[in-house]
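So this one's input.txt, compact mmCIF, C-alpha atoms:
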# COMPACT_ATOMS: atom_id res chain seq x y z
CA MET M 214 -65.21 67.64 -43.43
CA ARG M 215 -64.57 70.66 -41.26
CA ILE M 216 -65.27 74.39 -41.59
CA ASN M 217 -62.03 76.31 -42.00
CA LYS M 218 -63.18 79.79 -40.89
CA ASN M 219 -65.59 81.41 -38.45
CA MET M 220 -69.14 81.60 -39.80
CA TYR M 221 -71.21 84.63 -38.72
CA ASN M 222 -74.87 85.47 -39.27
CA GLU M 223 -76.12 88.77 -40.74
CA PHE M 224 -75.91 90.44 -37.30
CA GLY M 225 -72.28 89.47 -36.79
CA ALA M 226 -72.95 86.74 -34.23
CA LEU M 227 -70.65 83.71 -34.39
CA ILE M 228 -72.74 80.70 -35.43
CA VAL M 229 -70.10 78.04 -36.14
CA PRO M 230 -66.41 78.49 -35.23
CA ALA M 231 -63.47 77.61 -37.45
CA ASN M 232 -62.35 73.94 -37.38
CA ALA M 233 -65.82 72.74 -36.32
CA LEU M 234 -66.94 69.41 -37.75
CA LEU M 235 -69.45 69.65 -40.57
CA ASN M 236 -71.99 67.41 -38.87
CA ARG M 237 -75.77 67.40 -38.41
CA LYS M 238 -75.62 69.95 -35.59
CA SER M 239 -73.47 72.50 -37.44
CA VAL M 240 -75.45 72.10 -40.68
CA ARG M 241 -78.70 72.68 -38.77
CA ARG M 242 -77.35 75.89 -37.21
CA LEU M 243 -76.12 77.20 -40.55
CA TYR M 244 -79.48 76.42 -42.14
CA GLN M 245 -81.41 78.15 -39.34
CA HIS M 246 -79.39 81.32 -39.94
CA ARG M 247 -79.56 81.05 -43.74
CA ILE M 248 -75.80 80.81 -44.11
CA LEU M 249 -74.69 79.14 -47.35
CA LEU M 250 -71.29 77.43 -47.41
CA GLN M 251 -69.00 77.91 -50.38
CA GLU M 252 -66.52 75.25 -51.53
CA GLU M 253 -63.60 77.24 -50.10
CA ASP M 254 -65.28 77.36 -46.67
CA VAL M 255 -64.69 73.65 -45.96
CA GLU M 256 -61.83 71.15 -46.15
CA ASN M 257 -61.34 67.42 -45.72
CA LEU M 258 -60.48 66.27 -42.22
CA PRO M 259 -57.01 64.76 -41.78
CA ILE M 260 -57.17 60.98 -41.35
CA LEU M 261 -55.77 61.13 -37.81
CA HIS M 262 -58.55 63.54 -36.81
CA LEU M 263 -61.15 61.20 -38.31
CA LEU M 264 -59.67 58.25 -36.43
CA ASN M 265 -59.56 60.12 -33.12
CA SER M 266 -63.16 61.25 -33.63
CA ALA M 267 -64.19 57.64 -34.24
CA ILE M 268 -62.38 56.48 -31.09
CA VAL M 269 -64.25 59.07 -29.00
CA GLU M 270 -67.57 57.86 -30.44
CA LEU M 271 -66.62 54.21 -29.94
CA LYS M 272 -65.79 54.76 -26.27
CA GLU M 273 -69.37 55.98 -25.81
CA VAL M 274 -70.65 52.83 -27.51
CA PHE M 275 -68.58 50.64 -25.17
CA HIS M 276 -69.84 52.64 -22.18
CA ASN M 277 -73.45 51.95 -23.19
CA VAL M 278 -72.79 48.25 -23.70
CA ARG M 279 -70.79 47.84 -20.50
CA HIS M 280 -73.11 49.74 -18.16
CA PHE M 281 -76.55 49.50 -19.81
CA ASN M 282 -76.22 46.29 -21.86
CA SER M 283 -77.45 48.29 -24.85
CA ILE M 284 -75.94 48.74 -28.33
CA PRO M 285 -76.68 52.30 -29.56
CA THR M 286 -77.44 51.40 -33.16
CA THR M 287 -78.52 54.92 -34.14
CA ASP M 288 -75.20 56.39 -32.98
CA ILE M 289 -73.29 53.70 -34.83
CA ARG M 290 -75.17 54.28 -38.10
CA ASN M 291 -75.19 58.10 -37.90
CA ASN M 292 -71.82 58.86 -36.31
CA LEU M 293 -69.38 55.97 -36.77
CA VAL M 294 -70.27 54.35 -40.09
CA PRO M 295 -69.96 57.67 -42.00
CA ILE M 296 -66.42 58.12 -40.60
CA ILE M 297 -65.46 54.61 -41.72
CA ILE M 298 -66.90 55.27 -45.18
CA GLU M 299 -64.96 58.55 -45.41
CA MET M 300 -61.69 56.85 -44.44
CA SER M 301 -62.29 54.05 -46.97
CA ASN M 302 -62.40 56.70 -49.72
CA HIS M 303 -59.01 58.15 -48.74
CA MET M 304 -56.51 57.94 -51.59
CA ASN M 305 -53.47 57.08 -49.43
CA LEU M 306 -54.64 53.97 -47.61
CA LYS M 307 -51.08 53.09 -46.61
CA GLN M 308 -51.08 56.26 -44.49
CA VAL M 309 -54.44 55.23 -43.02
CA PHE M 310 -53.05 51.81 -42.02
CA SER M 311 -50.04 53.42 -40.33
CA HIS M 312 -52.39 55.22 -37.91
CA PHE M 313 -54.32 52.02 -37.20
CA GLY M 314 -51.17 50.12 -36.27
CA GLU M 315 -50.33 52.18 -33.19
CA ASN M 316 -50.44 50.58 -29.74
CA ASP M 317 -52.49 53.26 -27.95
CA GLU M 318 -56.13 52.26 -27.39
CA TYR M 319 -55.64 49.10 -29.42
CA THR M 320 -59.12 47.67 -28.89
CA TYR M 321 -60.79 50.75 -30.39
CA ARG M 322 -58.30 51.09 -33.25
CA HIS M 323 -58.77 47.41 -34.04
CA ILE M 324 -62.56 47.63 -34.24
CA ILE M 325 -62.45 50.67 -36.52
CA GLY M 326 -59.64 49.19 -38.61
CA VAL M 327 -61.45 45.88 -39.14
CA ALA M 328 -64.63 47.71 -40.19
CA LEU M 329 -62.64 49.76 -42.71
CA ILE M 330 -60.73 46.76 -44.11
CA SER M 331 -63.92 44.67 -44.33
CA ARG M 332 -65.51 47.44 -46.37
CA LEU M 333 -62.50 47.56 -48.71
CA ILE M 334 -62.70 43.80 -49.25
CA GLY M 335 -66.46 44.01 -49.83
CA LYS M 336 -66.01 46.69 -52.49
CA ALA M 337 -63.27 44.64 -54.14
CA LYS M 338 -65.66 41.65 -54.25
CA GLY M 339 -68.36 43.77 -55.91
CA TYR M 340 -70.62 44.48 -52.93
CA ASP M 341 -72.52 47.75 -52.98
CA GLY M 342 -75.58 49.48 -51.53
CA GLU M 343 -77.29 47.84 -48.55
CA GLU M 344 -75.09 44.74 -48.71
CA LEU M 345 -71.90 46.80 -48.39
CA LEU M 346 -73.43 48.87 -45.59
CA ASN M 347 -74.39 45.72 -43.66
CA LEU M 348 -70.89 44.30 -44.10
CA THR M 349 -69.40 47.57 -42.76
CA ILE M 350 -71.70 47.44 -39.72
CA ALA M 351 -70.87 43.75 -39.18
CA GLY M 352 -67.16 44.57 -39.31
CA PHE M 353 -67.66 47.33 -36.79
CA LEU M 354 -69.67 45.10 -34.42
CA HIS M 355 -67.41 42.03 -34.68
CA ASP M 356 -65.68 42.72 -31.32
CA ILE M 357 -68.55 44.44 -29.50
CA GLY M 358 -68.59 41.50 -27.06
CA LYS M 359 -65.26 42.75 -25.67
CA ALA M 360 -67.24 45.46 -23.88
CA LYS M 361 -68.41 42.65 -21.57
CA ILE M 362 -64.84 41.49 -20.84
CA SER M 363 -63.10 42.76 -17.69
CA GLU M 364 -61.06 45.89 -18.43
CA ALA M 365 -58.21 44.35 -16.45
CA ILE M 366 -58.03 41.57 -19.06
CA LEU M 367 -58.83 43.79 -22.02
CA ASN M 368 -56.11 46.34 -21.20
CA LYS M 369 -53.52 43.99 -19.70
CA PRO M 370 -50.05 45.22 -20.77
CA GLY M 371 -48.76 41.76 -21.60
CA LYS M 372 -49.73 38.29 -22.74
CA LEU M 373 -52.80 36.74 -21.18
CA THR M 374 -52.75 33.69 -18.93
CA LEU M 375 -54.60 30.58 -20.13
CA GLU M 376 -57.58 31.45 -17.90
CA GLU M 377 -57.65 35.05 -19.14
CA PHE M 378 -57.40 33.87 -22.74
CA GLN M 379 -60.35 31.52 -22.24
CA GLU M 380 -62.38 34.44 -20.86
CA MET M 381 -61.32 36.67 -23.78
CA ARG M 382 -62.55 34.03 -26.23
CA LYS M 383 -66.05 34.43 -24.83
CA HIS M 384 -66.35 37.85 -26.48
CA THR M 385 -67.60 36.07 -29.61
CA VAL M 386 -70.57 34.57 -27.75
CA TYR M 387 -71.23 37.75 -25.74
CA GLY M 388 -71.37 39.75 -28.97
CA PHE M 389 -73.63 37.23 -30.70
CA ASP M 390 -76.11 37.20 -27.80
CA MET M 391 -76.30 41.00 -27.60
CA ILE M 392 -76.57 41.71 -31.32
CA LYS M 393 -79.31 39.17 -32.06
CA GLN M 394 -81.46 40.80 -29.35
CA THR M 395 -80.87 44.38 -30.56
CA PRO M 396 -83.57 46.05 -32.71
CA GLY M 397 -82.13 47.52 -35.90
CA LEU M 398 -79.47 44.83 -36.27
CA ASN M 399 -79.88 41.57 -38.16
CA TYR M 400 -78.84 37.96 -37.64
CA ARG M 401 -75.88 38.22 -40.05
CA HIS M 402 -74.39 40.94 -37.85
CA ALA M 403 -74.69 38.53 -34.90
CA LEU M 404 -73.16 35.64 -36.88
CA VAL M 405 -70.08 37.70 -37.76
CA ALA M 406 -69.50 38.48 -34.07
CA LEU M 407 -69.76 34.74 -33.34
CA GLU M 408 -67.76 33.37 -36.30
CA HIS M 409 -64.91 35.80 -37.04
CA HIS M 410 -62.39 33.60 -35.19
CA GLU M 411 -63.51 30.40 -36.94
CA ARG M 412 -61.17 29.02 -39.60
CA GLU M 413 -61.56 27.20 -42.91
CA ASP M 414 -59.95 24.02 -41.54
CA GLY M 415 -62.07 23.95 -38.38
CA SER M 416 -59.22 25.03 -36.07
CA GLY M 417 -60.91 28.24 -34.87
CA TYR M 418 -63.30 29.06 -32.05
CA PRO M 419 -65.83 29.11 -30.39
CA HIS M 420 -67.40 26.10 -32.17
CA GLY M 421 -64.69 24.81 -34.51
CA LYS M 422 -66.78 25.50 -37.61
CA ARG M 423 -65.34 24.82 -41.06
CA GLY M 424 -65.47 27.26 -43.96
CA CYS M 425 -68.55 25.67 -45.52
CA GLN M 426 -70.46 26.39 -42.28
CA MET M 427 -69.53 30.08 -42.05
CA ASP M 428 -71.38 33.14 -43.31
CA PRO M 429 -69.55 34.90 -46.21
CA PHE M 430 -69.44 38.10 -44.15
CA SER M 431 -67.65 36.20 -41.36
CA LYS M 432 -64.95 35.07 -43.80
CA ILE M 433 -64.33 38.65 -44.91
CA VAL M 434 -64.15 39.98 -41.35
CA ALA M 435 -61.83 37.10 -40.40
CA VAL M 436 -59.33 38.25 -43.07
CA ALA M 437 -59.63 41.88 -41.93
CA ASP M 438 -59.24 40.84 -38.28
CA VAL M 439 -56.05 38.84 -38.92
CA PHE M 440 -54.50 41.55 -41.10
CA HIS M 441 -55.06 44.36 -38.61
CA ALA M 442 -53.78 42.29 -35.68
CA MET M 443 -50.57 41.50 -37.57
CA ILE M 444 -49.78 45.09 -38.60
CA SER M 445 -50.47 46.44 -35.10
CA LYS M 446 -47.95 47.28 -32.41
CA ARG M 447 -48.72 45.85 -28.99
CA VAL M 448 -47.03 46.20 -25.60
CA TYR M 449 -45.72 42.64 -25.90
CA LYS M 450 -44.89 42.60 -29.63
CA GLU M 451 -43.66 44.77 -32.45
CA PRO M 452 -45.74 44.95 -35.64
CA ILE M 453 -44.74 42.56 -38.41
CA PRO M 454 -43.28 44.45 -41.42
CA PHE M 455 -46.06 45.32 -43.84
CA TYR M 456 -44.99 43.16 -46.78
CA HIS M 457 -44.21 40.20 -44.52
CA VAL M 458 -47.80 40.42 -43.26
CA LEU M 459 -49.02 40.10 -46.84
CA LEU M 460 -46.77 37.07 -47.40
CA GLU M 461 -48.00 35.42 -44.21
CA MET M 462 -51.62 36.02 -45.19
CA SER M 463 -50.94 34.56 -48.62
CA ARG M 464 -49.68 31.38 -46.94
CA SER M 465 -52.83 31.32 -44.77
CA ALA M 466 -55.07 31.55 -47.83
CA TYR M 467 -55.13 27.76 -48.13
CA GLY M 468 -56.18 26.28 -44.82
CA LEU M 469 -56.98 29.02 -42.32
CA LEU M 470 -58.61 31.78 -44.36
CA GLU M 471 -60.84 31.56 -47.42
CA PRO M 472 -58.60 31.69 -50.54
CA ASP M 473 -60.92 33.82 -52.70
CA THR M 474 -61.43 36.47 -50.02
CA THR M 475 -57.75 36.54 -49.02
CA LEU M 476 -56.46 36.85 -52.59
CA CYS M 477 -59.08 39.51 -53.35
CA PHE M 478 -57.81 41.51 -50.38
CA LEU M 479 -54.14 41.04 -51.29
CA LYS M 480 -54.86 42.21 -54.84
CA ARG M 481 -56.62 45.32 -53.47
CA ILE M 482 -53.67 46.13 -51.19
CA MET M 483 -51.07 45.58 -53.92
CA ASP M 484 -53.06 47.75 -56.35
CA MET M 485 -52.91 50.43 -53.67
CA LEU M 486 -49.10 50.07 -53.63
CA ILE M 487 -48.59 50.57 -57.38
CA GLY M 488 -45.98 53.32 -57.71
CA SER M 489 -44.36 52.43 -54.38
CA ASP M 490 -40.60 51.79 -54.14
CA VAL M 491 -39.49 48.35 -53.01
CA ARG M 492 -36.25 46.65 -51.98
CA LEU M 493 -35.71 43.27 -53.63
CA SER M 494 -34.03 40.14 -52.27
CA ASN M 495 -31.11 40.64 -54.72
CA GLY M 496 -30.32 44.02 -53.12
CA GLN M 497 -31.74 46.15 -55.94
CA GLN M 498 -34.42 48.78 -55.53
CA GLY M 499 -37.32 49.15 -57.91
CA ARG M 500 -40.89 50.36 -58.25
CA ILE M 501 -44.16 48.44 -58.52
CA VAL M 502 -45.77 49.19 -61.89
CA MET M 503 -48.38 46.44 -62.37
CA VAL M 504 -50.09 43.74 -60.27
CA CYS M 505 -51.33 40.38 -61.52
CA GLY M 506 -54.71 39.24 -60.22
CA ASN M 507 -53.68 35.58 -59.80
CA GLU M 508 -50.37 36.33 -58.08
CA PRO M 509 -50.71 39.77 -56.50
CA LEU M 510 -47.54 39.42 -54.42
CA SER M 511 -45.41 38.84 -57.52
CA PRO M 512 -45.90 42.12 -59.41
CA LEU M 513 -44.10 43.68 -62.35
CA ILE M 514 -41.19 45.78 -61.03
CA LYS M 515 -39.30 48.52 -62.85
CA VAL M 516 -35.57 48.47 -61.96
CA LYS M 517 -33.24 51.03 -63.55
CA GLY M 518 -35.34 51.32 -66.68
CA GLN M 519 -35.77 47.55 -67.06
CA TYR M 520 -38.85 45.48 -66.18
CA MET M 521 -38.75 42.43 -63.94
CA ASP M 522 -41.80 40.12 -63.72
CA LEU M 523 -41.61 38.45 -60.32
CA SER M 524 -44.32 35.97 -61.30
CA ARG M 525 -41.84 34.54 -63.83
CA ASP M 526 -38.50 35.18 -62.14
CA ARG M 527 -38.90 33.14 -58.95
CA SER M 528 -35.31 33.78 -57.85
CA VAL M 529 -36.18 37.32 -56.74
CA GLN M 530 -38.83 38.46 -54.22
CA ILE M 531 -39.84 41.74 -52.61
CA GLU M 532 -38.12 42.15 -49.24
CA GLN M 533 -39.62 45.46 -48.14
CA ILE M 534 -41.95 48.25 -49.20
CA VAL M 535 -39.76 51.36 -48.93

Would you mind writing the structure in this file as structure tokens?
Amino acid sequence: MRINKNMYNEFGALIVPANALLNRKSVRRLYQHRILLQEEDVENLPILHLLNSAIVELKEVFHNVRHFNSIPTTDIRNNLVPIIIEMSNHMNLKQVFSHFGENDEYTYRHIIGVALISRLIGKAKGYDGEELLNLTIAGFLHDIGKAKISEAILNKPGKLTLEEFQEMRKHTVYGFDMIKQTPGLNYRHALVALEHHEREDGSGYPHGKRGCQMDPFSKIVAVADVFHAMISKRVYKEPIPFYHVLLEMSRSAYGLLEPDTTLCFLKRIMDMLIGSDVRLSNGQQGRIVMVCGNEPLSPLIKVKGQYMDLSRDRSVQIEQIV
């Protein structure tokens, strides 16, 4: 949250200016001067402001890893994880995803986006408390090894050569090695960094593990990682239309990604889209009114006062979320 007006002490001295973040520092200053905030004194931060704040914090994390070979776990827990939790509670997650899909500073947006999506999947699967917190941290740390990759490769405005791609793949091992040696982080965090590019059929990297060999957290972060990469705009590719991404992930649910985790995620996303207008393959427009758990991409659609169940009428599909 942020403070929406100047806060003065009893002597008229400015203690906290308007638009300041309501963080530990500002709360401490207000407390020292015995200033009590009222509900009307604060407001929720816009999502874009939260995202930009997280990117600033994440750049500092990368700086520490790159130059001091040290992961600042306290900063991550106190500054970044609360932002991710706040964004995960936002009512309009479609708006949140639109900010994550931009090309600028892709590496940072991707890390924050994957942490957020991993948390959403975890909640949908019934995780809570310490388990959900650890999953969120694991999602955030999944690409921390990229801080050890050359910036010339990391920020290259185009497709990588074979040699560059082989170097980029090493970020999984770099992350694993750093995390397992960092106090305050656990071995599951390290495993997620190592395994998030592994696939159910053994076609992933770095070790070609199959699904039965992977940590459950790794399977969740793998789904989040694929989804964010597909919705994102890059210098060398346009983002795939949102609903087409969901269709592609549904096809990947049997072979590449774990079916249970993928379908759980798709159900969560489609529930989020209830009330959204859609364009159908028959040219009609309608509105999503209900989502089936077994077939989340074939919801009940209301079209001109009539209801169309896409799980039964296979001749019609959603073409686009309007």

> Interatomic distance between CA of Thr374 (chain M) and CA of Lys422 (chain M)?
Replying inline: 24.8 Å

>> Given the point (-60.6, 63.5, -37.7) in the file's coordinates, find the residues that have an atom at most 10 Å from it, counting all atoms listed in the file, and give them as a PyMOL selection string.
In response: chain M and resi 214-215+234+257-268+296+300

> Which residue, M:Asn495, M:Asn282, M:Ser331, M:Thr395, has the smallest gap to Phe478 (chain M) when you use all atoms listed in the file?
Replying inline: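 The shortest atom-to-atom distance to Phe478 (chain M) comes from M:Ser331.
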
Put a box with edges along x, y and z around all the listed atoms of region 403-412 of chain M, pad it by 6 Å on each side, then give me its centre and sizes in Å, one decimal, as JSON.
{"center_x": -67.9, "center_y": 33.8, "center_z": -36.5, "size_x": 25.5, "size_y": 21.5, "size_z": 18.3}

> Lys361 (chain M): which residues within 9 Å, counting all atoms listed in the file, same-chain residues fewer than 4 positions away excluded, as a list in words?
Replying inline: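 Residues meeting the cut-off are Phe275, Val278, Arg279, Asn282, Ile357, His384, Tyr387 and Gly388 of chain M.
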
Shell of 10 Å around region 414-418 of chain M, all atoms listed in the file, local chain residues under 4 positions omitted, as a PDB file with C-alpha atoms, keeping the file's coordinate frame:
ATOM      1  CA  ARG M 382     -62.550  34.030 -26.230  1.00  0.00           C
ATOM      2  CA  LYS M 383     -66.050  34.430 -24.830  1.00  0.00           C
ATOM      3  CA  THR M 385     -67.600  36.070 -29.610  1.00  0.00           C
ATOM      4  CA  LEU M 407     -69.760  34.740 -33.340  1.00  0.00           C
ATOM      5  CA  GLU M 408     -67.760  33.370 -36.300  1.00  0.00           C
ATOM      6  CA  HIS M 409     -64.910  35.800 -37.040  1.00  0.00           C
ATOM      7  CA  HIS M 410     -62.390  33.600 -35.190  1.00  0.00           C
ATOM      8  CA  LYS M 422     -66.780  25.500 -37.610  1.00  0.00           C
ATOM      9  CA  ARG M 423     -65.340  24.820 -41.060  1.00  0.00           C
ATOM     10  CA  GLY M 424     -65.470  27.260 -43.960  1.00  0.00           C
ATOM     11  CA  CYS M 425     -68.550  25.670 -45.520  1.00  0.00           C
ATOM     12  CA  GLN M 426     -70.460  26.390 -42.280  1.00  0.00           C
ATOM     13  CA  TYR M 467     -55.130  27.760 -48.130  1.00  0.00           C
ATOM     14  CA  GLY M 468     -56.180  26.280 -44.820  1.00  0.00           C
ATOM     15  CA  LEU M 469     -56.980  29.020 -42.320  1.00  0.00           C
ATOM     16  CA  LEU M 470     -58.610  31.780 -44.360  1.00  0.00           C
ATOM     17  CA  GLU M 471     -60.840  31.560 -47.420  1.00  0.00           C
TER      18      GLU M 471
END

> Which is closest to Ile531 (chain M) among M:Gln498, M:Asn507, M:Ser465, M:Gln519, if we use all atoms listed in the file?
Replying inline: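 Smallest separation from Ile531 (chain M) among the options: M:Gln498.
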